[in-house]
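For reference, target01.txt (compact mmCIF, C-alpha atoms and all ligand atoms):
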```
# COMPACT_ATOMS: atom_id res chain seq x y z
CA MET A 1 0.00 0.00 0.00
CA PRO A 2 1.69 3.23 -1.08
CA ILE A 3 2.07 6.11 1.33
CA HIS A 4 0.79 9.27 -0.29
CA GLU A 5 3.68 11.64 -0.07
CA LYS A 6 3.69 15.35 0.23
CA SER A 7 6.98 17.16 0.30
CA LEU A 8 8.25 19.94 2.51
CA ILE A 9 10.07 21.28 -0.56
CA ARG A 10 8.05 24.20 -1.83
CA PRO A 11 7.48 24.37 -5.60
CA GLU A 12 8.75 27.97 -5.70
CA ASN A 13 12.09 26.77 -4.32
CA LEU A 14 12.70 24.38 -7.20
CA VAL A 15 14.96 25.81 -9.88
CA THR A 16 15.37 24.16 -13.27
CA HIS A 17 17.87 25.69 -15.66
CA GLU A 18 17.01 25.61 -19.36
CA HIS A 19 20.61 26.42 -20.23
CA LEU A 20 23.32 25.80 -17.67
CA THR A 21 26.94 24.81 -18.13
CA ILE A 22 29.14 24.00 -15.12
CA ASP A 23 32.87 23.45 -15.63
CA GLY A 24 32.24 22.99 -19.31
CA VAL A 25 29.57 20.36 -18.75
CA ASP A 26 26.09 21.14 -20.07
CA VAL A 27 23.71 20.36 -17.17
CA SER A 28 20.60 21.96 -18.69
CA GLY A 29 17.25 20.30 -18.24
CA HIS A 30 15.00 19.11 -15.44
CA TRP A 31 17.30 16.31 -14.28
CA SER A 32 19.58 18.99 -12.81
CA THR A 33 16.84 20.63 -10.74
CA PHE A 34 18.21 22.62 -7.81
CA ILE A 35 16.52 23.41 -4.52
CA ASN A 36 16.91 26.85 -2.98
CA SER A 37 17.73 26.44 0.69
CA ARG A 38 15.56 28.04 3.34
CA VAL A 39 15.79 28.47 7.07
CA VAL A 40 12.87 27.18 9.10
CA THR A 41 12.09 29.68 11.84
CA ASP A 42 8.47 28.84 12.41
CA TYR A 43 8.70 26.07 15.00
CA ASN A 44 5.86 26.00 17.46
CA GLU A 45 6.95 23.50 20.06
CA GLU A 46 3.56 23.69 21.75
CA MET A 47 1.53 22.89 18.63
CA GLU A 48 1.04 19.15 19.26
CA GLU A 49 0.00 19.78 22.84
CA GLU A 50 -2.33 22.61 21.82
CA ILE A 51 -4.14 20.46 19.25
CA ALA A 52 -4.16 17.45 21.60
CA ALA A 53 -5.97 19.63 24.15
CA LEU A 54 -8.87 20.28 21.74
CA PRO A 55 -11.73 17.77 21.32
CA GLY A 56 -10.71 15.11 18.78
CA GLY A 57 -6.98 15.73 18.95
CA GLU A 58 -6.28 13.70 22.11
CA PHE A 59 -4.51 10.75 20.46
CA ILE A 60 -2.35 12.53 17.90
CA HIS A 61 0.80 11.41 19.77
CA ARG A 62 0.13 7.79 18.77
CA CYS A 63 0.64 8.37 15.03
CA TRP A 64 3.44 6.35 13.45
CA GLN A 65 3.03 7.86 9.98
CA CYS A 66 1.90 4.69 8.20
CA GLY A 67 -0.26 6.71 5.78
CA SER A 68 -3.31 4.41 6.02
CA CYS A 69 -5.53 7.41 6.82
CA THR A 70 -4.52 9.24 3.66
CA ASN A 71 -4.87 6.09 1.57
CA ALA A 72 -8.42 5.62 2.82
CA CYS A 73 -9.40 9.30 2.65
CA THR A 74 -12.43 10.30 0.57
CA VAL A 75 -11.19 13.84 -0.08
CA ASN A 76 -7.64 12.70 -0.91
CA ALA A 77 -9.09 10.58 -3.74
CA LEU A 78 -10.35 13.85 -5.28
CA ASN A 79 -7.51 16.12 -4.25
CA PRO A 80 -4.07 14.58 -3.52
CA ASP A 81 -3.09 17.74 -1.60
CA PHE A 82 -5.58 16.78 1.12
CA ASN A 83 -3.29 14.68 3.28
CA PRO A 84 -4.09 13.93 6.96
CA ARG A 85 -0.87 11.94 7.47
CA TYR A 86 1.21 14.92 6.32
CA TRP A 87 -0.64 17.40 8.53
CA ILE A 88 -0.25 15.16 11.56
CA TYR A 89 3.48 15.05 10.77
CA LEU A 90 3.65 18.86 10.58
CA ILE A 91 1.77 19.25 13.86
CA ARG A 92 4.02 16.81 15.68
CA MET A 93 7.12 18.50 14.27
CA GLY A 94 5.81 21.96 15.16
CA PHE A 95 5.87 23.32 11.59
CA GLU A 96 3.17 25.94 12.12
CA ASP A 97 3.93 27.97 9.02
CA GLU A 98 3.73 24.88 6.78
CA LEU A 99 0.43 23.86 8.34
CA VAL A 100 -1.07 27.32 7.90
CA ARG A 101 -0.25 27.15 4.18
CA ASP A 102 -2.92 24.42 3.93
CA LYS A 103 -5.53 26.25 6.03
CA ASP A 104 -8.01 26.37 3.17
CA LEU A 105 -7.78 22.61 2.63
CA ILE A 106 -7.90 21.12 6.13
CA TRP A 107 -11.48 22.20 6.87
CA GLN A 108 -12.68 20.36 3.74
CA CYS A 109 -12.69 17.06 5.69
CA VAL A 110 -16.17 15.58 5.19
CA SER A 111 -16.10 13.60 8.47
CA CYS A 112 -16.68 10.28 6.70
CA ASN A 113 -14.38 8.60 9.26
CA LYS A 114 -12.82 6.21 6.72
CA CYS A 115 -9.43 7.28 8.10
CA THR A 116 -10.54 6.49 11.63
CA TYR A 117 -11.46 2.92 10.67
CA ALA A 118 -8.20 2.49 8.72
CA CYS A 119 -5.90 3.83 11.43
CA PRO A 120 -4.02 0.98 13.17
CA ARG A 121 -3.11 3.20 16.12
CA ASP A 122 -6.54 4.59 17.00
CA VAL A 123 -5.34 8.14 16.44
CA ASN A 124 -8.84 9.24 15.34
CA PRO A 125 -7.53 11.25 12.35
CA GLU A 126 -11.01 12.64 11.66
CA GLY A 127 -11.01 14.11 15.16
CA VAL A 128 -7.53 15.51 14.57
CA MET A 129 -8.79 17.25 11.39
CA LYS A 130 -11.63 18.80 13.41
CA ALA A 131 -9.29 19.84 16.22
CA THR A 132 -6.87 21.33 13.68
CA THR A 133 -9.63 23.33 11.98
CA HIS A 134 -10.72 24.58 15.39
CA TRP A 135 -7.13 25.43 16.29
CA LEU A 136 -6.69 27.43 13.05
CA GLU A 137 -9.81 29.44 13.89
CA LEU A 138 -8.88 30.04 17.54
CA LYS A 139 -5.40 31.17 16.54
CA GLY A 140 -6.89 33.62 14.05
CA HIS A 141 -5.35 31.91 11.00
CA THR A 142 -8.78 31.45 9.43
CA ARG A 143 -12.25 32.85 9.80
CA PRO A 144 -14.92 30.35 10.93
CA LYS A 145 -15.63 28.04 8.00
CA PRO A 146 -19.16 27.26 6.76
CA ALA A 147 -19.24 24.03 8.79
CA ALA A 148 -18.51 26.02 11.98
CA VAL A 149 -21.19 28.60 11.09
CA PHE A 150 -23.70 25.80 10.51
CA ASP A 151 -22.83 24.21 13.88
CA ASP A 152 -23.28 27.58 15.55
CA VAL A 153 -26.69 28.28 13.95
CA PHE A 154 -27.88 24.74 14.71
CA ALA A 155 -26.65 24.81 18.32
CA SER A 156 -28.12 28.29 18.98
CA GLN A 157 -31.55 27.01 18.01
CA VAL A 158 -31.27 23.97 20.24
CA PHE A 159 -30.16 26.17 23.14
CA GLU A 160 -33.05 28.54 22.59
CA THR A 161 -35.97 26.16 22.20
CA GLY A 162 -34.73 22.56 22.60
CA LYS A 163 -36.00 21.95 19.07
CA ILE A 164 -34.79 22.30 15.51
CA GLU A 165 -36.73 24.05 12.77
CA ASP A 166 -34.94 23.10 9.54
CA GLY A 167 -36.18 26.05 7.49
CA LEU A 168 -34.93 28.53 10.08
CA VAL A 169 -31.54 26.79 10.32
CA LEU A 170 -31.18 27.05 6.54
CA ARG A 171 -32.25 30.69 6.41
CA GLN A 172 -29.87 31.74 9.16
CA PHE A 173 -27.00 29.70 7.71
CA PHE A 174 -27.49 31.17 4.25
CA ALA A 175 -27.76 34.71 5.64
CA ARG A 176 -24.57 34.37 7.72
CA THR A 177 -22.57 32.84 4.86
CA GLY A 178 -23.85 35.42 2.35
CA GLN A 179 -25.65 32.88 0.16
CA SER A 180 -28.86 33.42 -1.75
CA MET A 181 -31.96 31.46 -0.76
CA PHE A 182 -32.89 31.33 -4.43
CA GLN A 183 -30.33 28.82 -5.64
CA SER A 184 -31.68 26.40 -8.25
CA TRP A 185 -30.93 23.25 -6.21
CA LEU A 186 -32.72 24.69 -3.18
CA ILE A 187 -35.75 25.73 -5.19
CA ALA A 188 -35.91 22.20 -6.68
CA LEU A 189 -35.61 20.69 -3.19
CA VAL A 190 -38.41 22.82 -1.74
CA ARG A 191 -40.62 22.18 -4.77
CA GLY A 192 -40.02 18.42 -4.40
CA LEU A 193 -40.95 18.54 -0.71
CA VAL A 194 -44.11 20.58 -1.33
CA PHE A 195 -45.34 18.10 -3.93
CA ARG A 196 -44.37 14.94 -2.07
CA LEU A 197 -44.90 15.53 1.64
CA PRO A 198 -48.39 14.92 3.16
CA VAL A 199 -50.41 18.12 3.65
CA GLY A 200 -50.66 17.49 7.42
CA LEU A 201 -46.88 17.39 7.80
CA LEU A 202 -46.42 20.50 5.63
CA THR A 203 -48.93 22.37 7.79
CA LYS A 204 -47.09 21.27 10.94
CA LEU A 205 -43.77 22.46 9.49
CA GLY A 206 -45.30 25.81 8.50
CA LEU A 207 -46.78 26.35 11.97
CA ALA A 208 -43.46 25.44 13.61
CA THR A 209 -41.76 28.14 11.53
CA LEU A 210 -44.29 30.74 12.66
CA PHE A 211 -44.69 29.86 16.34
CA ARG A 212 -41.30 28.30 17.28
CA PRO A 213 -42.53 25.73 19.86
CA LYS A 214 -40.27 25.03 22.85
CA THR A 215 -39.52 21.79 24.62
CA ARG A 216 -41.39 21.76 27.93
CA GLY A 217 -39.18 22.46 30.96
CA TRP A 218 -36.27 23.29 28.67
CA LYS A 219 -34.85 26.19 30.67
CA LYS A 220 -32.96 24.04 33.19
CA ALA A 221 -31.42 21.88 30.46
CA ARG A 222 -30.54 24.98 28.45
CA LEU A 223 -28.69 26.57 31.36
CA ALA A 224 -26.74 23.36 32.00
CA ILE A 225 -25.77 23.07 28.31
CA GLU A 226 -24.77 26.72 28.13
CA ASP A 227 -22.59 26.31 31.23
CA TYR A 228 -20.88 23.32 29.66
CA VAL A 229 -20.29 25.14 26.36
CA ASP A 230 -18.84 28.18 28.16
CA GLU A 231 -16.53 25.95 30.19
CA ARG A 232 -15.43 24.13 27.02
CA HIS A 233 -14.68 27.38 25.17
CA ALA A 234 -12.72 28.70 28.13
CA ALA A 235 -10.74 25.43 28.39
CA ASP A 236 -9.91 25.50 24.66
CA ARG A 237 -8.67 29.09 24.84
CA ARG A 238 -6.65 28.33 27.98
CA ALA A 239 -5.01 25.35 26.25
CA LEU A 240 -3.82 27.63 23.47
CA GLY A 241 -2.57 30.29 25.85
CA LEU A 242 -5.16 32.77 24.63
CA ASP A 243 -6.71 35.29 27.04
CA THR A 244 -3.79 34.93 29.46
CA GLN A 245 -3.64 38.68 29.92
CA GLY A 246 -6.37 39.86 32.18
CA ALA A 247 -7.19 36.32 33.37
CA GLU A 248 -7.52 35.73 37.08
S1 LIG B 301 -12.93 11.88 7.88
FE1 LIG B 301 -11.90 13.52 6.74
S2 LIG B 301 -9.74 12.98 6.81
FE2 LIG B 301 -10.89 11.15 7.37
S3 LIG B 301 -11.18 9.99 5.49
FE3 LIG B 301 -12.99 11.27 5.73
S4 LIG B 301 -12.51 13.17 4.62
FE4 LIG B 301 -10.57 12.08 4.92
S1 LIG B 302 -3.10 8.74 11.87
FE1 LIG B 302 -3.13 6.50 11.97
S2 LIG B 302 -3.40 5.85 9.84
FE2 LIG B 302 -2.75 7.99 9.79
S3 LIG B 302 -0.54 7.90 9.55
FE3 LIG B 302 -0.96 8.04 11.75
S4 LIG B 302 -1.01 5.94 12.48
FE4 LIG B 302 -1.19 5.84 10.26
```

Written as structure tokens, how would this file's structure read?
Ligand code: SF4
Ligand code: SF4
Amino acid sequence: MPIHEKSLIRPENLVTHEHLTIDGVDVSGHWSTFINSRVVTDYNEEMEEEIAALPGGEFIHRCWQCGSCTNACTVNALNPDFNPRYWIYLIRMGFEDELVRDKDLIWQCVSCNKCTYACPRDVNPEGVMKATTHWLELKGHTRPKPAAVFDDVFASQVFETGKIEDGLVLRQFFARTGQSMFQSWLIALVRGLVFRLPVGLLTKLGLATLFRPKTRGWKKARLAIEDYVDERHAADRRALGLDTQGAE
């Protein structure tokens, strides 16, 4: 089983001379490719610990770089640059700058968990991808990605009423991500539902949108969940050394 490789050598550092003669010997052509040297100054020795402290990243230290996760990965099959094994390597080595270069790829994990089933060391690579995305956001390297916005909209509704109203989740998600509600696929979906769902269910859905029913006795549960979420956010920020100034 091949290990999908990804190199630390940056493409812009590769130099191929069309015409080059050294000591009278013509060394033109791609076989004499040179690599410009660079000094790595971006070590973050805390990076593995920081990501291990976030939910999903706990077992990153177990990785032995076999590459089974990348071989099994759904997104890697479409885009070879999506490489969980490589990112875990960067994190464990503390190559923050290299990791940040892939910030617009890492969040594209679709959480299929194929990597998790393939991993012989129970690293939970899917969890590591989630923790890494979260870490990139907390560190300010990326803005919250659509998946994080969706989670936020969904969770806010649960906190508020103890129930989910799908139409409202969609509307809020589309508004916050700047997307139009009049996309052709969405119109087709709504039209399909209107023609196929029983009238009774459609009426129920419509009324739920208007009146936003709440789960009975939800307040106590809501407060407990909100406390837990606040504690979790504070713990995550503490683990990354954020908010240290001004903390008690
Ligand atoms: S969960 Fe993410 S990293 Fe794992 S196989 Fe699926 S897409 Fe790839
Ligand atoms: S996370 Fe698991 S499957 Fe992936 S390289 Fe490490 S040990 Fe292998």

I'd like the box whose edges run along x, y and z of the file and which contains every listed atom of range 195-198 of chain A, padded by 6 Å per side; could you state its centre and edge lengths in Å, one decimal, as JSON?
```
{"center_x": -46.4, "center_y": 16.5, "center_z": -0.4, "size_x": 16.0, "size_y": 15.2, "size_z": 19.1}
```

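Around ligand LIG 301 (chain B), the neighbouring residues within 8 Å, taking only C-alpha atoms and all ligand atoms, come to Cys69, Thr70, Ala72, Cys73, Thr74, Val75, Asn76, Phe82, Asn83, Pro84, Gln108, Cys109, Val110, Ser111, Cys112, Asn113, Lys114, Cys115, Thr116, Pro125, Glu126, Gly127 and Met129 of chain A.
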
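Interatomic distance, CA of Ala147 in chain A against CA of Trp218 in chain A: 26.2 Å.
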
- Message: Let me see if you get this right: every residue at most 12 Å from ligand LIG 302 (chain B), counting only C-alpha atoms and all ligand atoms, written as a ChimeraX atom specification.
- Response: /A:1-5,57-73,83-92,113-129

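The protein and nucleic acid residues lying at most 7 Å from Ala131 in chain A are Ile51, Leu54, Pro55, Gly56 and Gly57 of chain A, with only C-alpha atoms considered and sequence neighbours fewer than 5 positions away removed.
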
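Counting from CA of Asp104 in chain A, the distance to CA of Val40 in chain A is 21.7 Å.
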
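The coordinates place CA of Ser37 in chain A at 23.6 Å from CA of Val25 in chain A.
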
- Note on the structure: Judged by all atoms listed in the file, the minimum distance to Leu202 in chain A among A:Pro146, A:Gly167, A:Gly241, A:Gly162 is found for A:Gly167

Mind checking which residues fall within 10 Å of Val15 in chain A, counting all atoms listed in the file, ignoring those fewer than 6 positions away in the same chain, and posting them as a PDB file with C-alpha atoms, in the coordinates of the input?
```pdb
ATOM      1  CA  HIS A  30      15.000  19.110 -15.440  1.00  0.00           C
ATOM      2  CA  SER A  32      19.580  18.990 -12.810  1.00  0.00           C
ATOM      3  CA  THR A  33      16.840  20.630 -10.740  1.00  0.00           C
ATOM      4  CA  PHE A  34      18.210  22.620  -7.810  1.00  0.00           C
ATOM      5  CA  ILE A  35      16.520  23.410  -4.520  1.00  0.00           C
ATOM      6  CA  ASN A  36      16.910  26.850  -2.980  1.00  0.00           C
TER       7      ASN A  36
END
```

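Closest approach to Thr16 in chain A from the set A:Gly94, A:Gly178, A:Gly29, A:Pro198 is made by A:Gly29, with distances taken over all atoms listed in the file.
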
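Minimum atom-to-atom distance to Ala148 in chain A, evaluated using all atoms listed in the file, belongs to A:Leu136 out of A:Ile22, A:Val27, A:Ala52, A:Leu136.
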
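When only C-alpha atoms are used to measure the gap to Thr132 in chain A, the shortest distance among A:Gln183, A:Phe154, A:Gly206, A:Met47 belongs to A:Met47.
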
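The smallest atom-to-atom distance between Leu205 in chain A and any of A:Pro11, A:Glu49, A:Phe95, A:Leu168, using only C-alpha atoms, is found for A:Leu168.
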
- A:Leu223, A:Lys139, A:Glu18, A:Arg10 ranked by distance to Asp243 in chain A, top pick (using all atoms listed in the file): A:Lys139
